[in-house]
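Enquirer: entry17.cif is reproduced in full below (mmCIF, C-alpha atoms).
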data_data
#
loop_
_atom_site.group_PDB
_atom_site.id
_atom_site.type_symbol
_atom_site.label_atom_id
_atom_site.label_comp_id
_atom_site.auth_asym_id
_atom_site.auth_seq_id
_atom_site.Cartn_x
_atom_site.Cartn_y
_atom_site.Cartn_z
ATOM 1 C CA MET A 1 0.000 0.000 0.000
ATOM 2 C CA THR A 2 1.252 3.500 -0.787
ATOM 3 C CA LYS A 3 2.175 5.279 2.413
ATOM 4 C CA PHE A 4 1.200 8.907 2.902
ATOM 5 C CA ILE A 5 3.172 11.138 5.227
ATOM 6 C CA ILE A 6 1.979 14.663 5.929
ATOM 7 C CA VAL A 7 4.600 16.996 7.402
ATOM 8 C CA THR A 8 3.582 20.530 8.361
ATOM 9 C CA HIS A 9 3.972 23.411 10.751
ATOM 10 C CA GLY A 10 2.041 22.675 13.946
ATOM 11 C CA ASP A 11 -0.914 20.295 13.814
ATOM 12 C CA TYR A 12 -2.174 21.290 10.378
ATOM 13 C CA GLY A 13 -1.445 17.877 8.874
ATOM 14 C CA LYS A 14 -2.979 15.935 11.768
ATOM 15 C CA HIS A 15 -6.200 17.918 11.585
ATOM 16 C CA LEU A 16 -6.330 17.842 7.792
ATOM 17 C CA VAL A 17 -6.280 14.052 7.926
ATOM 18 C CA LYS A 18 -8.935 13.941 10.655
ATOM 19 C CA SER A 19 -11.160 16.228 8.618
ATOM 20 C CA ALA A 20 -10.627 14.242 5.421
ATOM 21 C CA GLU A 21 -11.529 11.049 7.283
ATOM 22 C CA LEU A 22 -14.967 12.550 8.055
ATOM 23 C CA ILE A 23 -15.554 12.322 4.323
ATOM 24 C CA VAL A 24 -13.617 9.263 3.130
ATOM 25 C CA GLY A 25 -13.534 7.228 6.323
ATOM 26 C CA LYS A 26 -10.654 6.087 8.502
ATOM 27 C CA GLN A 27 -7.408 5.714 6.586
ATOM 28 C CA GLU A 28 -4.577 3.261 7.094
ATOM 29 C CA ASN A 29 -0.876 3.798 6.509
ATOM 30 C CA VAL A 30 -0.918 7.562 7.047
ATOM 31 C CA SER A 31 1.522 9.382 9.325
ATOM 32 C CA THR A 32 1.504 13.020 10.292
ATOM 33 C CA LEU A 33 4.462 14.998 11.612
ATOM 34 C CA GLY A 34 4.257 18.522 13.017
ATOM 35 C CA LEU A 35 6.948 21.135 13.614
ATOM 36 C CA ASP A 36 6.504 23.683 16.387
ATOM 37 C CA LEU A 37 8.367 26.938 16.950
ATOM 38 C CA SER A 38 10.887 25.576 19.412
ATOM 39 C CA ASN A 39 11.418 22.175 17.760
ATOM 40 C CA ASN A 40 14.699 21.190 16.194
ATOM 41 C CA VAL A 41 14.565 20.661 12.402
ATOM 42 C CA ASP A 42 17.238 17.982 12.524
ATOM 43 C CA HIS A 43 15.011 15.962 14.828
ATOM 44 C CA LEU A 44 12.150 16.365 12.335
ATOM 45 C CA PHE A 45 14.514 15.233 9.572
ATOM 46 C CA ASP A 46 15.259 12.026 11.530
ATOM 47 C CA ARG A 47 11.579 11.340 12.271
ATOM 48 C CA LEU A 48 10.631 11.898 8.630
ATOM 49 C CA ASN A 49 13.535 9.765 7.452
ATOM 50 C CA GLN A 50 12.334 6.890 9.621
ATOM 51 C CA GLU A 51 8.739 7.200 8.413
ATOM 52 C CA ILE A 52 9.837 7.235 4.773
ATOM 53 C CA CYS A 53 12.152 4.250 5.191
ATOM 54 C CA ASN A 54 9.385 2.268 6.910
ATOM 55 C CA GLY A 55 7.015 3.112 4.084
ATOM 56 C CA LEU A 56 9.486 2.206 1.362
ATOM 57 C CA CYS A 57 9.791 -1.311 2.832
ATOM 58 C CA THR A 58 6.291 -2.130 1.673
ATOM 59 C CA GLY A 59 5.568 0.179 -1.250
ATOM 60 C CA SER A 60 5.705 3.724 -2.563
ATOM 61 C CA VAL A 61 5.718 6.792 -0.383
ATOM 62 C CA VAL A 62 4.170 10.196 -0.980
ATOM 63 C CA VAL A 63 5.184 13.010 1.366
ATOM 64 C CA PHE A 64 2.900 16.034 1.581
ATOM 65 C CA SER A 65 4.133 19.303 3.105
ATOM 66 C CA ASP A 66 2.391 22.605 3.720
ATOM 67 C CA ILE A 67 4.419 25.422 2.140
ATOM 68 C CA PHE A 68 7.201 25.709 -0.401
ATOM 69 C CA GLY A 69 10.378 26.780 1.370
ATOM 70 C CA GLY A 70 9.028 26.110 4.848
ATOM 71 C CA SER A 71 11.070 23.946 7.186
ATOM 72 C CA PRO A 72 8.788 20.873 6.745
ATOM 73 C CA MET A 73 9.342 21.011 2.984
ATOM 74 C CA ASN A 74 13.062 21.696 3.403
ATOM 75 C CA VAL A 75 13.398 18.635 5.586
ATOM 76 C CA THR A 76 11.548 16.606 2.921
ATOM 77 C CA VAL A 77 13.919 17.798 0.204
ATOM 78 C CA ARG A 78 16.934 16.894 2.337
ATOM 79 C CA ASN A 79 15.558 13.365 2.512
ATOM 80 C CA LEU A 80 15.242 13.274 -1.279
ATOM 81 C CA LYS A 81 19.018 13.354 -1.470
ATOM 82 C CA ASN A 82 19.275 9.729 -0.426
ATOM 83 C CA LEU A 83 15.779 8.282 -0.680
ATOM 84 C CA SER A 84 13.402 7.821 -3.624
ATOM 85 C CA PHE A 85 9.888 8.973 -2.880
ATOM 86 C CA HIS A 86 7.301 11.428 -4.189
ATOM 87 C CA SER A 87 6.799 14.826 -2.688
ATOM 88 C CA ILE A 88 4.219 17.562 -3.130
ATOM 89 C CA THR A 89 3.783 20.802 -1.189
ATOM 90 C CA GLY A 90 0.808 23.079 -0.595
ATOM 91 C CA VAL A 91 -1.279 20.219 0.793
ATOM 92 C CA ASN A 92 -4.992 21.014 1.053
ATOM 93 C CA MET A 93 -8.271 19.106 1.506
ATOM 94 C CA PRO A 94 -9.082 18.635 -2.207
ATOM 95 C CA MET A 95 -5.601 17.180 -2.748
ATOM 96 C CA LEU A 96 -5.802 14.857 0.235
ATOM 97 C CA LEU A 97 -9.309 13.631 -0.586
ATOM 98 C CA GLU A 98 -8.198 12.776 -4.131
ATOM 99 C CA ALA A 99 -5.133 11.009 -2.740
ATOM 100 C CA PHE A 100 -7.217 8.852 -0.387
ATOM 101 C CA SER A 101 -9.722 8.040 -3.136
ATOM 102 C CA LEU A 102 -7.148 7.047 -5.759
ATOM 103 C CA ARG A 103 -4.650 5.361 -3.479
ATOM 104 C CA ASP A 104 -3.475 2.069 -4.957
ATOM 105 C CA GLN A 105 -5.963 2.303 -7.821
ATOM 106 C CA VAL A 106 -3.516 4.019 -10.144
ATOM 107 C CA PRO A 107 0.297 3.863 -10.429
ATOM 108 C CA VAL A 108 1.929 6.303 -8.030
ATOM 109 C CA ASP A 109 3.213 8.637 -10.797
ATOM 110 C CA ASP A 110 -0.349 9.070 -12.063
ATOM 111 C CA LEU A 111 -1.554 9.510 -8.499
ATOM 112 C CA VAL A 112 0.851 12.391 -7.918
ATOM 113 C CA SER A 113 -0.163 14.045 -11.177
ATOM 114 C CA GLN A 114 -3.868 13.718 -10.393
ATOM 115 C CA ILE A 115 -3.619 14.948 -6.825
ATOM 116 C CA PHE A 116 -1.620 17.944 -8.035
ATOM 117 C CA ASP A 117 -4.507 18.795 -10.374
ATOM 118 C CA ALA A 118 -7.113 18.202 -7.681
ATOM 119 C CA GLY A 119 -5.221 20.428 -5.239
ATOM 120 C CA THR A 120 -4.830 23.308 -7.664
ATOM 121 C CA LYS A 121 -8.310 23.005 -9.200
ATOM 122 C CA GLY A 122 -9.733 22.841 -5.707
ATOM 123 C CA ILE A 123 -9.021 26.552 -5.269
ATOM 124 C CA VAL A 124 -12.104 28.315 -6.622
ATOM 125 C CA ASN A 125 -13.258 31.912 -6.369
ATOM 126 C CA VAL A 126 -16.812 31.256 -5.202
ATOM 127 C CA ASN A 127 -18.126 34.730 -6.127
ATOM 128 C CA ASP A 128 -16.813 34.421 -9.678
ATOM 129 C CA LYS A 129 -18.130 30.908 -10.031
ATOM 130 C CA PHE A 130 -21.645 31.899 -9.046
ATOM 131 C CA GLY A 131 -21.567 35.402 -10.491
ATOM 132 C CA LEU A 132 -22.228 36.963 -7.118
ATOM 133 C CA LYS A 133 -20.865 40.309 -5.957
ATOM 134 C CA GLY A 134 -18.528 40.346 -3.006
ATOM 135 C CA GLY A 135 -19.285 43.775 -1.686
ATOM 136 C CA LYS A 136 -16.817 46.236 -0.210
ATOM 137 C CA MET B 1 32.730 48.614 -0.090
ATOM 138 C CA SER B 2 29.915 46.105 0.346
ATOM 139 C CA GLU B 3 27.861 46.322 3.506
ATOM 140 C CA ILE B 4 26.838 43.604 5.941
ATOM 141 C CA VAL B 5 23.269 44.642 6.705
ATOM 142 C CA LEU B 6 22.385 41.742 8.996
ATOM 143 C CA THR B 7 24.205 38.903 10.733
ATOM 144 C CA ARG B 8 21.669 36.327 11.778
ATOM 145 C CA ILE B 9 21.662 33.037 13.653
ATOM 146 C CA ASP B 10 18.803 30.793 12.528
ATOM 147 C CA ASP B 11 19.352 27.063 12.443
ATOM 148 C CA ARG B 12 16.497 26.641 9.960
ATOM 149 C CA LEU B 13 18.516 28.895 7.587
ATOM 150 C CA ILE B 14 16.222 29.992 4.735
ATOM 151 C CA HIS B 15 12.649 29.028 5.564
ATOM 152 C CA GLY B 16 9.158 30.281 4.879
ATOM 153 C CA GLN B 17 8.614 34.007 4.780
ATOM 154 C CA VAL B 18 11.094 34.781 7.528
ATOM 155 C CA MET B 19 14.092 35.458 5.295
ATOM 156 C CA THR B 20 11.872 37.314 2.809
ATOM 157 C CA ALA B 21 10.827 39.665 5.631
ATOM 158 C CA TRP B 22 14.448 40.332 6.637
ATOM 159 C CA VAL B 23 15.518 40.883 3.031
ATOM 160 C CA LYS B 24 12.745 43.444 2.633
ATOM 161 C CA THR B 25 13.654 45.304 5.843
ATOM 162 C CA THR B 26 17.394 45.372 5.204
ATOM 163 C CA LYS B 27 17.173 45.763 1.407
ATOM 164 C CA ALA B 28 19.758 43.015 1.091
ATOM 165 C CA ASN B 29 20.595 41.571 -2.321
ATOM 166 C CA ARG B 30 22.827 38.725 -1.154
ATOM 167 C CA ILE B 31 22.741 36.030 1.489
ATOM 168 C CA VAL B 32 26.017 34.473 2.579
ATOM 169 C CA ILE B 33 25.473 31.286 4.555
ATOM 170 C CA VAL B 34 28.456 30.416 6.716
ATOM 171 C CA ASP B 35 28.379 26.756 7.692
ATOM 172 C CA ASN B 36 31.329 24.395 7.392
ATOM 173 C CA PRO B 37 29.439 21.104 6.739
ATOM 174 C CA THR B 38 26.863 22.642 4.378
ATOM 175 C CA ALA B 39 29.609 24.291 2.322
ATOM 176 C CA GLU B 40 30.813 20.791 1.374
ATOM 177 C CA ASP B 41 27.333 19.569 0.408
ATOM 178 C CA GLN B 42 26.503 20.542 -3.192
ATOM 179 C CA PHE B 43 23.000 19.083 -2.934
ATOM 180 C CA MET B 44 22.164 21.347 0.018
ATOM 181 C CA ILE B 45 23.788 24.334 -1.681
ATOM 182 C CA ASP B 46 21.511 23.794 -4.704
ATOM 183 C CA VAL B 47 18.455 23.496 -2.424
ATOM 184 C CA LEU B 48 19.339 26.684 -0.528
ATOM 185 C CA GLN B 49 19.806 28.581 -3.781
ATOM 186 C CA MET B 50 16.373 27.417 -4.922
ATOM 187 C CA LEU B 51 14.822 28.668 -1.658
ATOM 188 C CA ALA B 52 16.265 32.158 -2.043
ATOM 189 C CA PRO B 53 13.719 34.978 -2.136
ATOM 190 C CA PRO B 54 13.340 36.364 -5.703
ATOM 191 C CA GLY B 55 16.320 38.394 -6.902
ATOM 192 C CA ILE B 56 18.587 37.329 -4.055
ATOM 193 C CA SER B 57 21.904 35.491 -4.598
ATOM 194 C CA VAL B 58 22.809 32.819 -2.092
ATOM 195 C CA ASP B 59 26.353 31.614 -1.451
ATOM 196 C CA VAL B 60 27.398 28.965 1.052
ATOM 197 C CA TYR B 61 30.936 29.036 2.445
ATOM 198 C CA THR B 62 33.073 27.684 5.237
ATOM 199 C CA ALA B 63 34.138 30.347 7.747
ATOM 200 C CA ALA B 64 37.606 30.513 6.204
ATOM 201 C CA THR B 65 36.313 31.017 2.655
ATOM 202 C CA ALA B 66 33.586 33.435 3.761
ATOM 203 C CA ALA B 67 36.200 35.641 5.411
ATOM 204 C CA LYS B 68 37.973 35.930 2.036
ATOM 205 C CA GLU B 69 34.890 36.198 -0.162
ATOM 206 C CA LEU B 70 33.224 38.887 1.961
ATOM 207 C CA GLY B 71 35.962 41.210 0.817
ATOM 208 C CA ASN B 72 35.225 40.525 -2.859
ATOM 209 C CA PHE B 73 31.659 41.725 -3.194
ATOM 210 C CA GLY B 74 30.726 44.903 -5.076
ATOM 211 C CA PRO B 75 30.336 48.369 -3.542
ATOM 212 C CA ASN B 76 26.549 48.239 -3.799
ATOM 213 C CA ASP B 77 26.099 44.774 -2.329
ATOM 214 C CA LYS B 78 24.090 44.535 0.867
ATOM 215 C CA ILE B 79 24.791 41.219 2.530
ATOM 216 C CA ILE B 80 22.959 39.112 5.083
ATOM 217 C CA ILE B 81 25.289 36.689 6.859
ATOM 218 C CA LEU B 82 23.351 33.631 7.976
ATOM 219 C CA ALA B 83 24.667 30.962 10.343
ATOM 220 C CA LYS B 84 23.292 28.166 12.489
ATOM 221 C CA ASN B 85 25.050 28.928 15.751
ATOM 222 C CA PRO B 86 27.255 31.525 17.507
ATOM 223 C CA LYS B 87 30.416 29.392 17.336
ATOM 224 C CA ILE B 88 30.839 29.756 13.593
ATOM 225 C CA LEU B 89 30.336 33.518 13.888
ATOM 226 C CA GLN B 90 33.063 33.592 16.542
ATOM 227 C CA GLU B 91 35.235 31.678 14.044
ATOM 228 C CA LEU B 92 34.401 34.240 11.360
ATOM 229 C CA ARG B 93 35.502 37.042 13.693
ATOM 230 C CA GLU B 94 38.739 35.183 14.339
ATOM 231 C CA TYR B 95 39.337 35.218 10.582
ATOM 232 C CA GLY B 96 39.082 38.991 10.729
ATOM 233 C CA VAL B 97 35.469 39.688 9.762
ATOM 234 C CA LEU B 98 34.114 42.611 11.757
ATOM 235 C CA LEU B 99 30.699 41.711 13.128
ATOM 236 C CA SER B 100 29.311 44.365 15.432
ATOM 237 C CA HIS B 101 25.749 43.173 15.717
ATOM 238 C CA ILE B 102 24.269 39.670 15.814
ATOM 239 C CA ASN B 103 20.574 38.913 15.427
ATOM 240 C CA VAL B 104 19.478 35.618 16.993
ATOM 241 C CA GLY B 105 16.377 34.343 15.241
ATOM 242 C CA GLY B 106 16.171 30.632 15.883
ATOM 243 C CA MET B 107 18.042 27.876 17.702
ATOM 244 C CA GLY B 108 15.972 24.700 18.043
ATOM 245 C CA SER B 109 15.927 22.477 21.092
ATOM 246 C CA ASN B 110 18.152 19.394 21.364
ATOM 247 C CA PRO B 111 19.442 17.192 24.212
ATOM 248 C CA ASN B 112 22.431 19.511 24.827
ATOM 249 C CA ARG B 113 20.434 22.714 24.862
ATOM 250 C CA SER B 114 18.204 24.417 27.418
ATOM 251 C CA LYS B 115 15.436 26.806 26.519
ATOM 252 C CA LEU B 116 16.396 30.476 26.739
ATOM 253 C CA TYR B 117 13.471 32.268 25.187
ATOM 254 C CA ARG B 118 10.654 31.120 22.847
ATOM 255 C CA ASN B 119 12.352 29.312 19.955
ATOM 256 C CA ILE B 120 15.870 29.970 21.216
ATOM 257 C CA SER B 121 17.629 27.177 23.088
ATOM 258 C CA ALA B 122 21.355 27.068 23.779
ATOM 259 C CA SER B 123 23.964 24.683 25.151
ATOM 260 C CA SER B 124 26.390 25.787 27.870
ATOM 261 C CA ASP B 125 29.132 26.105 25.214
ATOM 262 C CA GLU B 126 26.916 28.295 23.080
ATOM 263 C CA LEU B 127 26.055 30.481 26.089
ATOM 264 C CA LEU B 128 29.762 30.906 26.803
ATOM 265 C CA CYS B 129 30.234 31.851 23.167
ATOM 266 C CA PHE B 130 27.502 34.495 23.411
ATOM 267 C CA LYS B 131 29.065 35.859 26.623
ATOM 268 C CA SER B 132 32.445 36.053 24.938
ATOM 269 C CA LEU B 133 31.012 37.871 21.908
ATOM 270 C CA ILE B 134 29.197 40.347 24.172
ATOM 271 C CA ASN B 135 32.398 40.950 26.148
ATOM 272 C CA GLN B 136 34.182 41.686 22.882
ATOM 273 C CA GLY B 137 31.676 44.473 22.264
ATOM 274 C CA VAL B 138 29.307 42.659 19.884
ATOM 275 C CA LYS B 139 25.646 43.603 20.309
ATOM 276 C CA VAL B 140 23.602 40.368 20.474
ATOM 277 C CA GLU B 141 19.829 40.609 20.200
ATOM 278 C CA ILE B 142 16.997 38.119 19.846
ATOM 279 C CA GLN B 143 14.449 39.053 17.211
ATOM 280 C CA ILE B 144 12.703 36.393 15.165
ATOM 281 C CA VAL B 145 11.035 38.617 12.546
ATOM 282 C CA PRO B 146 11.540 42.367 11.910
ATOM 283 C CA ASP B 147 8.149 43.412 13.391
ATOM 284 C CA GLU B 148 8.900 41.903 16.754
ATOM 285 C CA LYS B 149 10.430 43.426 19.833
ATOM 286 C CA CYS B 150 14.197 42.997 20.249
ATOM 287 C CA ILE B 151 15.450 41.271 23.392
ATOM 288 C CA GLN B 152 19.005 41.869 24.527
ATOM 289 C CA MET B 153 20.781 38.503 24.914
ATOM 290 C CA GLN B 154 22.831 39.970 27.782
ATOM 291 C CA LYS B 155 19.693 40.235 29.913
ATOM 292 C CA LEU B 156 18.894 36.561 29.449
ATOM 293 C CA ILE B 157 22.312 35.118 30.174
ATOM 294 C CA ASP B 158 23.463 37.196 33.114
#
Can you turn what I pasted into structure tokens?
Expert:
Amino acid sequence: MTKFIIVTHGDYGKHLVKSAELIVGKQENVSTLGLDLSNNVDHLFDRLNQEICNGLCTGSVVVFSDIFGGSPMNVTVRNLKNLSFHSITGVNMPMLLEAFSLRDQVPVDDLVSQIFDAGTKGIVNVNDKFGLKGGK
Amino acid sequence: MSEIVLTRIDDRLIHGQVMTAWVKTTKANRIVIVDNPTAEDQFMIDVLQMLAPPGISVDVYTAATAAKELGNFGPNDKIIILAKNPKILQELREYGVLLSHINVGGMGSNPNRSKLYRNISASSDELLCFKSLINQGVKVEIQIVPDEKCIQMQKLID
């Protein structure tokens, strides 16, 4: 089974998963890692490294992070030096829901491509979509 | 003569919007990261250059090389020196680089460090290093982002 790891500032990842599970049900083989203000990034690197290695033992791994250039993403990129896994940043609900729905139904390269689309297309200007004025 | 507009300790180096905020405040156009192990790691150097705020050049040097290279920048260059801990900045001073002011923005916790203030933890060696720098006349202040209040390190370690 493809393992998903969500690494973010604070508890964003943990709560994103919980919220997604309200819609798609309880998910297996998902880990979340959070980084707080006073945490050490090297410690996060080690924790992430361990999660990725464990995942790679049984299948592919996709690591989701919250923002490009943030420490969670930086720590992910550092792991890409020595490990082969997929990584996408800017994780949001549409992306995660698509990931849970498609998991192990399509090859992992296709999965990453489709969740990228779902994540980006999931951002919609509601006023524009419905032709409604936003007011001042 | 190029100008060092900020000397900062942040063990997360370039991350999120923090460096962007400092670049904006200081009007820096270059970041010089001084870190001996990272200077030997081309993969990390490439990553750090990719994380640079738009229009900013990033170089990564050992303390010895940084001391030389800092003299080679152009007259209009405004440089942010970025390091992970006070010891390498002490080393840089020993190589002759004049640092009068150090901004401490982030030092994460680890088994050797005790919490000093918010996201700043330091080991006893690092505290001694800060004391030594302060005794040499260097102003050491904690300030995570430019909008925040500055805390004098001297007050926390006395």
Enquirer: Evaluating the PyMOL selection byres ((chain A) within 8 of (chain B)) on the displayed file yields which residues, as a short mmCIF file (atom, residue, chain, number, x, y, z; two decimals) with C-alpha atoms, keeping the file's coordinate frame?
Expert:
data_model
loop_
_atom_site.label_atom_id
_atom_site.label_comp_id
_atom_site.auth_asym_id
_atom_site.auth_seq_id
_atom_site.Cartn_x
_atom_site.Cartn_y
_atom_site.Cartn_z
CA LEU A 37 8.37 26.94 16.95
CA SER A 38 10.89 25.58 19.41
CA ASN A 39 11.42 22.18 17.76
CA ASN A 40 14.70 21.19 16.19
CA VAL A 41 14.56 20.66 12.40
CA ILE A 67 4.42 25.42 2.14
CA PHE A 68 7.20 25.71 -0.40
CA GLY A 69 10.38 26.78 1.37
CA GLY A 70 9.03 26.11 4.85
CA SER A 71 11.07 23.95 7.19
CA ASN A 74 13.06 21.70 3.40
CA VAL A 77 13.92 17.80 0.20
CA ARG A 78 16.93 16.89 2.34
CA LYS A 81 19.02 13.35 -1.47
#
Enquirer: For the file shown, what are the residues hit by the PyMOL selection byres ((chain A and resi 31) around 8), laid out as a list in words?
Expert: Phe4, Ile5, Ile6, Asn29, Val30, Thr32, Leu33 and Glu51 of chain A
Enquirer: List, as a list in words, every residue that the PyMOL selection byres ((chain A and resi 56) around 10) selects in the file provided.
Expert: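 With the shown file as input, the PyMOL selection byres ((chain A and resi 56) around 10) matches Met1, Thr2, Lys3, Gln50, Glu51, Ile52, Cys53, Asn54, Gly55, Cys57, Thr58, Gly59, Ser60, Val61, Val62, Leu83, Ser84 and Phe85 of chain A.
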Enquirer: Residues at most 8 Å from Val145 in chain B, counting all atoms listed in the file, excluding those fewer than 3 positions away in the same chain, as a PyMOL selection string?
Expert: chain B and resi 18+21-22+105+148
Enquirer: Using only C-alpha atoms, can you tell me which of B:Glu141, B:Ile134, B:Ser114, B:Asp35 comes closest to Ala66 in chain B?
Expert: B:Asp35
Enquirer: Of the candidates A:Val24, A:Ser87, A:Tyr12, A:Val7, which shows the shortest atom-to-atom distance to Leu48 in chain A, using only C-alpha atoms?
Expert: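 Residue with the minimum atom-to-atom distance to Leu48 in chain A: A:Val7.
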Enquirer: Could you check how far CA of Ile88 in chain B sits from CA of Asp10 in chain B, in Å to one decimal?
Expert: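 It comes out at 12.1 Å.
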Enquirer: Between CA of Ala83 in chain B and CA of Gln143 in chain B, what distance in Å does the model show, to one decimal?
Expert: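 Distance reported for this atom pair: 14.7 Å.
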Enquirer: Any idea what the distance is between CA of Thr8 in chain A and CA of Pro111 in chain B?
Expert: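 About the pair CA of Thr8 in chain A and CA of Pro111 in chain B: they are 22.7 Å apart.
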Enquirer: Quick one: residues within 12 Å of Ile123 in chain A, only C-alpha atoms counted, chain neighbours fewer than 4 positions away excluded, as a list in words?
Expert: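 In the requested format, the answer is Gly90, Val91, Asn92, Met93, Pro94, Met95, Phe116, Asp117, Ala118, Gly119, Asp128 and Lys129 of chain A.
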Enquirer: Kindly export the residues of the current selection with C-alpha atoms, as a short mmCIF file (atom, residue, chain, number, x, y, z; two decimals), in the coordinates of the input.
Expert:
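This is the output file result-v7.cif:
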data_model
loop_
_atom_site.label_atom_id
_atom_site.label_comp_id
_atom_site.auth_asym_id
_atom_site.auth_seq_id
_atom_site.Cartn_x
_atom_site.Cartn_y
_atom_site.Cartn_z
CA GLY A 90 0.81 23.08 -0.60
CA VAL A 91 -1.28 20.22 0.79
CA ASN A 92 -4.99 21.01 1.05
CA MET A 93 -8.27 19.11 1.51
CA PRO A 94 -9.08 18.64 -2.21
CA MET A 95 -5.60 17.18 -2.75
CA PHE A 116 -1.62 17.94 -8.04
CA ASP A 117 -4.51 18.80 -10.37
CA ALA A 118 -7.11 18.20 -7.68
CA GLY A 119 -5.22 20.43 -5.24
CA ASP A 128 -16.81 34.42 -9.68
CA LYS A 129 -18.13 30.91 -10.03
#
Enquirer: Would you kindly return, as a list in words, each protein, DNA or RNA residue with an atom no farther than 12 Å from any atom of Gly137 in chain B, considering all atoms listed in the file and excluding same-chain residues fewer than 6 positions away?
Expert: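 Listing them by chain and then by number gives Arg93, Leu98, Leu99, Ser100, His101, Ile102, Phe130, Lys131 and Gln154 of chain B.
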Enquirer: May I have the protein, DNA and RNA residues with an atom at most 7 Å from (28.1, 48.5, 2.9), counting all atoms listed in the file in the file's coordinates, returned as a ChimeraX atom specification?
Expert: /B:1-4,75-78
Enquirer: When distances are computed from all atoms listed in the file, which of A:Lys26, A:Arg103, A:Val108, A:Gly13 shows the smallest separation from Thr89 in chain A?
Expert: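 Looking at the shortest contact to Thr89 in chain A, the residue is A:Gly13.
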Enquirer: Considering only C-alpha atoms, can you say which of B:Cys129, B:Val140, B:Ile79, B:Ala63 comes closest to Val104 in chain B?
Expert: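 Using only C-alpha atoms, Val104 in chain B sits closest to B:Val140.
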Enquirer: Would you compute the box with edges along x, y and z of the file around range 5-16 of chain A, including every atom the file lists for it and 6 Å extra on each side, and give its centre and edge lengths in Å to one decimal, as lines of an AutoDock Vina configuration file?
Expert:
center_x = -0.9
center_y = 17.3
center_z = 9.6
size_x = 22.9
size_y = 24.3
size_z = 20.7
Enquirer: May I have the protein, DNA and RNA residues with any atom at most 10 Å from the point (28.1, 25.5, -2.5), counting only C-alpha atoms, written as a ChimeraX atom specification?
Expert: /B:33,38-49,58-62
